[in-house]
Amino acid sequence: MKLFNKFTLAVFLFTIVFTAIQFPNLPSEVPSHYNIMGEADAWANKWFIFFIPLLGFGLWLLLGQVEKFPDFINMPNGGEPLNKEQLKNSVVLMYMIRNEVLLFMSLLTLKEVFTAIGYAINLGVWEFVLFALMMTVTIVWYLVKNNKLKTA
């Protein structure tokens with residue numbers, strides 16, 4: 001499990017270093033919002049390029065704290081308290097979500113940097129679809145597993 005943390009943090013650090021190296025090559029304004037088709041419809045100062053990965057890292061830290069208190073993670077269990085296996089399952093769910101969020105935000109930032117320096121990567125609506133699909137599969141997987149652990 002800790003290997004995924006290390007991989008995620010390595011991707012995040014690579015993103016920050018790569019962005020810092022490319023920072024002088026960025027235009028004075030970078031896209032800050034995209035419409036559903038993936039076209040930029042709002043712009044911000046180039047320092048904004050660091051906002052998304054830092055927001056992702058903040059969420060990663062926050063969800064890491066949630067992992068430490070599995071009793072507060074709301075998993076369905078028919079009104080019964082979660083057993084030890086279910087508590088462990090909920091911690092692993094938070095672990096996966098926190099790493100997926102930081103990876104996704106790091107990859108979005110890399111896409112932004114490449115686009116800003118002239119190598120346009122436009123996935124449009126597919127960015128959201130892929131992220132939503134990834135999160136849905138993760139959550140459903142752990143909810144099904146939670147339900148099986150309930151009867152075990």
# chains A, B, ... in the order shown; residues from 1 in each chain; ligands from 1
$ residues_around --residues "stretch 99-112 of chain A" --least-positions-apart "5" --cutoff "8 Å" --atoms "only C-alpha atoms" --output "ChimeraX atom specification"
/A:4-5,8,11-12,15,19,31,49-50,52-53,56-57,59-60,120-121,131,135
$ residues_around --residues "A:Asn45" --least-positions-apart "2" --cutoff "7 Å" --atoms "only C-alpha atoms" --output "list of chain:residue names"
A:Ser28, A:Glu29, A:Val30, A:Trp47, A:Phe48
$ residues_around --residues "A:Met37" --least-positions-apart "3" --cutoff "12 Å" --atoms "only C-alpha atoms" --output "MDAnalysis selection string"
chainID A and resid 33:34 40:41 122:129
$ write_last_selection --atoms "C-alpha atoms" --output "PDB file, in the first residue's frame"
ATOM      1  CA  HIS A  33     -10.925  27.159 -16.433  1.00  0.00           C
ATOM      2  CA  TYR A  34     -12.132  25.073 -19.345  1.00  0.00           C
ATOM      3  CA  ALA A  40     -10.067  27.600 -22.182  1.00  0.00           C
ATOM      4  CA  ASP A  41     -12.725  30.102 -21.153  1.00  0.00           C
ATOM      5  CA  ASN A 122      -6.820  18.538 -25.343  1.00  0.00           C
ATOM      6  CA  LEU A 123      -8.853  15.685 -23.926  1.00  0.00           C
ATOM      7  CA  GLY A 124     -11.939  17.866 -23.547  1.00  0.00           C
ATOM      8  CA  VAL A 125     -14.801  16.205 -21.747  1.00  0.00           C
ATOM      9  CA  TRP A 126     -12.794  12.969 -21.501  1.00  0.00           C
ATOM     10  CA  GLU A 127     -10.681  14.313 -18.635  1.00  0.00           C
ATOM     11  CA  PHE A 128     -13.766  14.582 -16.464  1.00  0.00           C
ATOM     12  CA  VAL A 129     -15.180  11.290 -17.714  1.00  0.00           C
TER      13      VAL A 129
END
$ select_by_dssp --residues "chain A" --states "strand (DSSP E or B)" --output "count of residues only"
12
$ residues_around --residues "A:Thr138" --least-positions-apart "2" --cutoff "8 Å" --atoms "only C-alpha atoms" --output "list of chain:residue names"
A:Leu93, A:Met96, A:Ile97, A:Met134, A:Met135, A:Thr136, A:Val140, A:Trp141, A:Tyr142
$ write_last_selection --atoms "C-alpha atoms" --output "PDB file, in the first residue's frame"
ATOM      1  CA  LEU A  93     -10.747   3.369   0.330  1.00  0.00           C
ATOM      2  CA  MET A  96      -6.921   5.013  -2.772  1.00  0.00           C
ATOM      3  CA  ILE A  97      -9.050   8.136  -3.191  1.00  0.00           C
ATOM      4  CA  MET A 134     -11.848   6.115 -11.940  1.00  0.00           C
ATOM      5  CA  MET A 135     -13.421   7.448  -8.741  1.00  0.00           C
ATOM      6  CA  THR A 136     -16.689   5.578  -9.332  1.00  0.00           C
ATOM      7  CA  VAL A 140     -18.078   0.898  -5.938  1.00  0.00           C
ATOM      8  CA  TRP A 141     -15.262  -1.665  -5.549  1.00  0.00           C
ATOM      9  CA  TYR A 142     -14.825  -0.816  -1.877  1.00  0.00           C
TER      10      TYR A 142
END
$ closest_residue --among "A:Glu85, A:Lys46, A:Val137, A:Lys145" --to "A:Pro24" --atoms "only C-alpha atoms"
A:Lys46
$ residues_around --residues "stretch 65-67 of chain A" --least-positions-apart "4" --cutoff "12 Å" --atoms "only C-alpha atoms" --output "list in words"
Gly58, Leu59, Trp60, Leu61, Asp71, Phe72, Ile73, Asn74, Leu87, Lys88, Asn89, Ser90, Val91, Val92, Leu93, Met94, Tyr95, Met96, Ile97 and Arg98 of chain A
$ write_last_selection --atoms "N, CA and C atoms" --output "CSV table (one decimal), in the first residue's frame"
chain,number,residue,atom,x,y,z
A,58,GLY,N,-2.9,19.5,-0.8
A,58,GLY,CA,-3.7,19.8,0.4
A,58,GLY,C,-4.8,18.8,0.7
A,59,LEU,N,-5.5,18.4,-0.4
A,59,LEU,CA,-6.5,17.3,-0.2
A,59,LEU,C,-5.9,16.0,0.2
A,60,TRP,N,-4.7,15.7,-0.4
A,60,TRP,CA,-4.0,14.5,0.0
A,60,TRP,C,-3.6,14.4,1.4
A,61,LEU,N,-3.2,15.6,2.0
A,61,LEU,CA,-2.9,15.7,3.4
A,61,LEU,C,-4.2,15.5,4.3
A,71,ASP,N,-13.5,5.5,12.1
A,71,ASP,CA,-14.9,5.5,12.6
A,71,ASP,C,-15.7,6.7,12.0
A,72,PHE,N,-15.0,7.7,11.5
A,72,PHE,CA,-15.7,8.9,11.0
A,72,PHE,C,-16.0,8.7,9.5
A,73,ILE,N,-15.5,7.7,8.9
A,73,ILE,CA,-15.7,7.5,7.4
A,73,ILE,C,-17.1,6.8,7.3
A,74,ASN,N,-18.0,7.4,6.6
A,74,ASN,CA,-19.4,7.0,6.5
A,74,ASN,C,-19.5,5.9,5.5
A,87,LEU,N,-13.6,-1.5,8.9
A,87,LEU,CA,-12.9,-0.3,9.2
A,87,LEU,C,-11.6,-0.3,8.4
A,88,LYS,N,-10.9,-1.4,8.3
A,88,LYS,CA,-9.7,-1.4,7.5
A,88,LYS,C,-10.0,-1.2,6.0
A,89,ASN,N,-11.1,-1.7,5.5
A,89,ASN,CA,-11.6,-1.5,4.1
A,89,ASN,C,-11.8,0.0,3.9
A,90,SER,N,-12.4,0.7,4.9
A,90,SER,CA,-12.7,2.1,4.7
A,90,SER,C,-11.4,2.9,4.7
A,91,VAL,N,-10.4,2.5,5.5
A,91,VAL,CA,-9.1,3.2,5.4
A,91,VAL,C,-8.5,3.0,4.1
A,92,VAL,N,-8.5,1.8,3.5
A,92,VAL,CA,-7.9,1.6,2.2
A,92,VAL,C,-8.7,2.4,1.1
A,93,LEU,N,-10.0,2.5,1.3
A,93,LEU,CA,-10.7,3.4,0.3
A,93,LEU,C,-10.2,4.8,0.4
A,94,MET,N,-10.1,5.4,1.6
A,94,MET,CA,-9.6,6.7,1.7
A,94,MET,C,-8.2,6.9,1.1
A,95,TYR,N,-7.4,5.8,1.4
A,95,TYR,CA,-6.0,5.8,0.8
A,95,TYR,C,-6.0,5.8,-0.7
A,96,MET,N,-6.8,5.0,-1.3
A,96,MET,CA,-6.9,5.0,-2.8
A,96,MET,C,-7.4,6.3,-3.3
A,97,ILE,N,-8.5,6.9,-2.7
A,97,ILE,CA,-9.0,8.1,-3.2
A,97,ILE,C,-8.0,9.3,-3.1
A,98,ARG,N,-7.3,9.3,-2.0
A,98,ARG,CA,-6.4,10.4,-1.8
A,98,ARG,C,-5.3,10.4,-2.8
$ select_by_dssp --residues "stretch 53-94 of chain A" --states "alpha helix (DSSP H)" --output "PyMOL selection string"
chain A and resi 53-67+84-94
$ write_last_selection --atoms "C-alpha atoms" --output "tab-separated table (two decimals), in the first residue's frame"
chain	number	residue	atom	x	y	z
A	53	PRO	CA	-1.13	20.61	-7.68
A	54	LEU	CA	-0.99	22.43	-4.34
A	55	LEU	CA	-4.75	22.02	-3.93
A	56	GLY	CA	-4.31	18.32	-4.72
A	57	PHE	CA	-1.52	18.05	-2.15
A	58	GLY	CA	-3.71	19.80	0.44
A	59	LEU	CA	-6.50	17.30	-0.22
A	60	TRP	CA	-3.96	14.47	-0.05
A	61	LEU	CA	-2.88	15.66	3.41
A	62	LEU	CA	-6.48	16.16	4.58
A	63	LEU	CA	-7.60	12.71	3.43
A	64	GLY	CA	-4.51	11.28	5.10
A	65	GLN	CA	-5.87	12.62	8.38
A	66	VAL	CA	-9.28	11.10	7.66
A	67	GLU	CA	-7.56	7.72	7.24
A	84	LYS	CA	-12.55	-4.45	12.09
A	85	GLU	CA	-12.35	-5.67	8.50
A	86	GLN	CA	-14.82	-3.03	7.36
A	87	LEU	CA	-12.87	-0.31	9.20
A	88	LYS	CA	-9.70	-1.45	7.46
A	89	ASN	CA	-11.56	-1.47	4.13
A	90	SER	CA	-12.72	2.13	4.69
A	91	VAL	CA	-9.13	3.20	5.44
A	92	VAL	CA	-7.93	1.58	2.21
A	93	LEU	CA	-10.75	3.37	0.33
A	94	MET	CA	-9.57	6.75	1.67
$ atom_distance --atom1 "atom CA of A:Thr115" --atom2 "atom CA of A:Asn25"
11.4 Å
$ atom_distance --atom1 "atom CA of A:Pro81" --atom2 "atom CA of A:Phe69"
14.0 Å
$ atom_distance --atom1 "atom CA of A:Ala116" --atom2 "atom CA of A:Pro27"
6.8 Å
$ closest_residue --among "A:Val113, A:Leu82, A:Ala42, A:Leu143" --to "A:Phe18" --atoms "only C-alpha atoms"
A:Val113
$ decode --residues "stretch 8-21 of chain A" --atoms "all heavy atoms" --output "compact mmCIF listing (two decimals), in the first residue's frame"
# COMPACT_ATOMS: atom_id res chain seq x y z
N THR A 8 2.78 8.13 -6.00
CA THR A 8 1.99 9.35 -6.12
C THR A 8 2.82 10.58 -5.76
O THR A 8 2.79 11.59 -6.46
CB THR A 8 0.74 9.26 -5.22
OG1 THR A 8 -0.03 8.14 -5.62
CG2 THR A 8 -0.09 10.52 -5.31
N LEU A 9 3.56 10.50 -4.67
CA LEU A 9 4.39 11.62 -4.26
C LEU A 9 5.51 11.88 -5.26
O LEU A 9 5.88 13.04 -5.51
CB LEU A 9 4.96 11.40 -2.86
CG LEU A 9 3.92 11.53 -1.74
CD1 LEU A 9 4.53 11.16 -0.41
CD2 LEU A 9 3.34 12.93 -1.70
N ALA A 10 6.06 10.82 -5.87
CA ALA A 10 7.08 11.00 -6.90
C ALA A 10 6.51 11.74 -8.11
O ALA A 10 7.15 12.65 -8.65
CB ALA A 10 7.66 9.65 -7.31
N VAL A 11 5.31 11.37 -8.53
CA VAL A 11 4.65 12.05 -9.65
C VAL A 11 4.38 13.51 -9.28
O VAL A 11 4.62 14.42 -10.08
CB VAL A 11 3.35 11.33 -10.08
CG1 VAL A 11 2.56 12.16 -11.08
CG2 VAL A 11 3.67 9.96 -10.66
N PHE A 12 3.91 13.74 -8.06
CA PHE A 12 3.64 15.11 -7.60
C PHE A 12 4.93 15.94 -7.60
O PHE A 12 4.95 17.07 -8.10
CB PHE A 12 3.01 15.08 -6.20
CG PHE A 12 2.91 16.43 -5.57
CD1 PHE A 12 1.98 17.35 -6.01
CD2 PHE A 12 3.76 16.80 -4.53
CE1 PHE A 12 1.90 18.62 -5.43
CE2 PHE A 12 3.68 18.04 -3.95
CZ PHE A 12 2.75 18.95 -4.41
N LEU A 13 5.99 15.40 -7.03
CA LEU A 13 7.26 16.14 -6.99
C LEU A 13 7.81 16.39 -8.39
O LEU A 13 8.30 17.49 -8.68
CB LEU A 13 8.28 15.39 -6.13
CG LEU A 13 7.99 15.40 -4.64
CD1 LEU A 13 8.98 14.50 -3.89
CD2 LEU A 13 8.01 16.81 -4.08
N PHE A 14 7.70 15.40 -9.27
CA PHE A 14 8.10 15.60 -10.66
C PHE A 14 7.30 16.74 -11.28
O PHE A 14 7.85 17.59 -11.98
CB PHE A 14 7.92 14.31 -11.47
CG PHE A 14 8.16 14.52 -12.94
CD1 PHE A 14 9.45 14.54 -13.44
CD2 PHE A 14 7.10 14.72 -13.81
CE1 PHE A 14 9.68 14.76 -14.80
CE2 PHE A 14 7.31 14.94 -15.16
CZ PHE A 14 8.61 14.95 -15.66
N THR A 15 6.00 16.76 -11.01
CA THR A 15 5.13 17.81 -11.55
C THR A 15 5.58 19.18 -11.08
O THR A 15 5.68 20.12 -11.88
CB THR A 15 3.67 17.56 -11.13
OG1 THR A 15 3.26 16.30 -11.65
CG2 THR A 15 2.75 18.65 -11.63
N ILE A 16 5.84 19.31 -9.79
CA ILE A 16 6.25 20.61 -9.24
C ILE A 16 7.60 21.03 -9.82
O ILE A 16 7.77 22.19 -10.25
CB ILE A 16 6.31 20.54 -7.69
CG1 ILE A 16 4.92 20.33 -7.10
CG2 ILE A 16 6.97 21.79 -7.11
CD1 ILE A 16 3.94 21.45 -7.40
N VAL A 17 8.56 20.12 -9.87
CA VAL A 17 9.89 20.45 -10.41
C VAL A 17 9.80 20.79 -11.89
O VAL A 17 10.36 21.80 -12.34
CB VAL A 17 10.88 19.29 -10.15
CG1 VAL A 17 12.17 19.48 -10.92
CG2 VAL A 17 11.15 19.14 -8.66
N PHE A 18 9.08 19.98 -12.66
CA PHE A 18 8.94 20.24 -14.09
C PHE A 18 8.25 21.59 -14.32
O PHE A 18 8.68 22.36 -15.19
CB PHE A 18 8.14 19.11 -14.76
CG PHE A 18 7.96 19.29 -16.23
CD1 PHE A 18 9.01 19.03 -17.10
CD2 PHE A 18 6.75 19.72 -16.76
CE1 PHE A 18 8.87 19.20 -18.47
CE2 PHE A 18 6.58 19.88 -18.12
CZ PHE A 18 7.64 19.63 -18.98
N THR A 19 7.22 21.87 -13.55
CA THR A 19 6.51 23.14 -13.69
C THR A 19 7.43 24.31 -13.34
O THR A 19 7.45 25.33 -14.03
CB THR A 19 5.26 23.15 -12.79
OG1 THR A 19 4.42 22.05 -13.16
CG2 THR A 19 4.47 24.44 -12.96
N ALA A 20 8.22 24.17 -12.28
CA ALA A 20 9.15 25.23 -11.89
C ALA A 20 10.21 25.45 -12.97
O ALA A 20 10.56 26.61 -13.27
CB ALA A 20 9.81 24.88 -10.56
N ILE A 21 10.69 24.38 -13.57
CA ILE A 21 11.69 24.51 -14.64
C ILE A 21 11.10 25.20 -15.86
O ILE A 21 11.74 26.04 -16.49
CB ILE A 21 12.27 23.12 -15.01
CG1 ILE A 21 13.13 22.60 -13.86
CG2 ILE A 21 13.05 23.18 -16.32
CD1 ILE A 21 13.55 21.14 -14.01
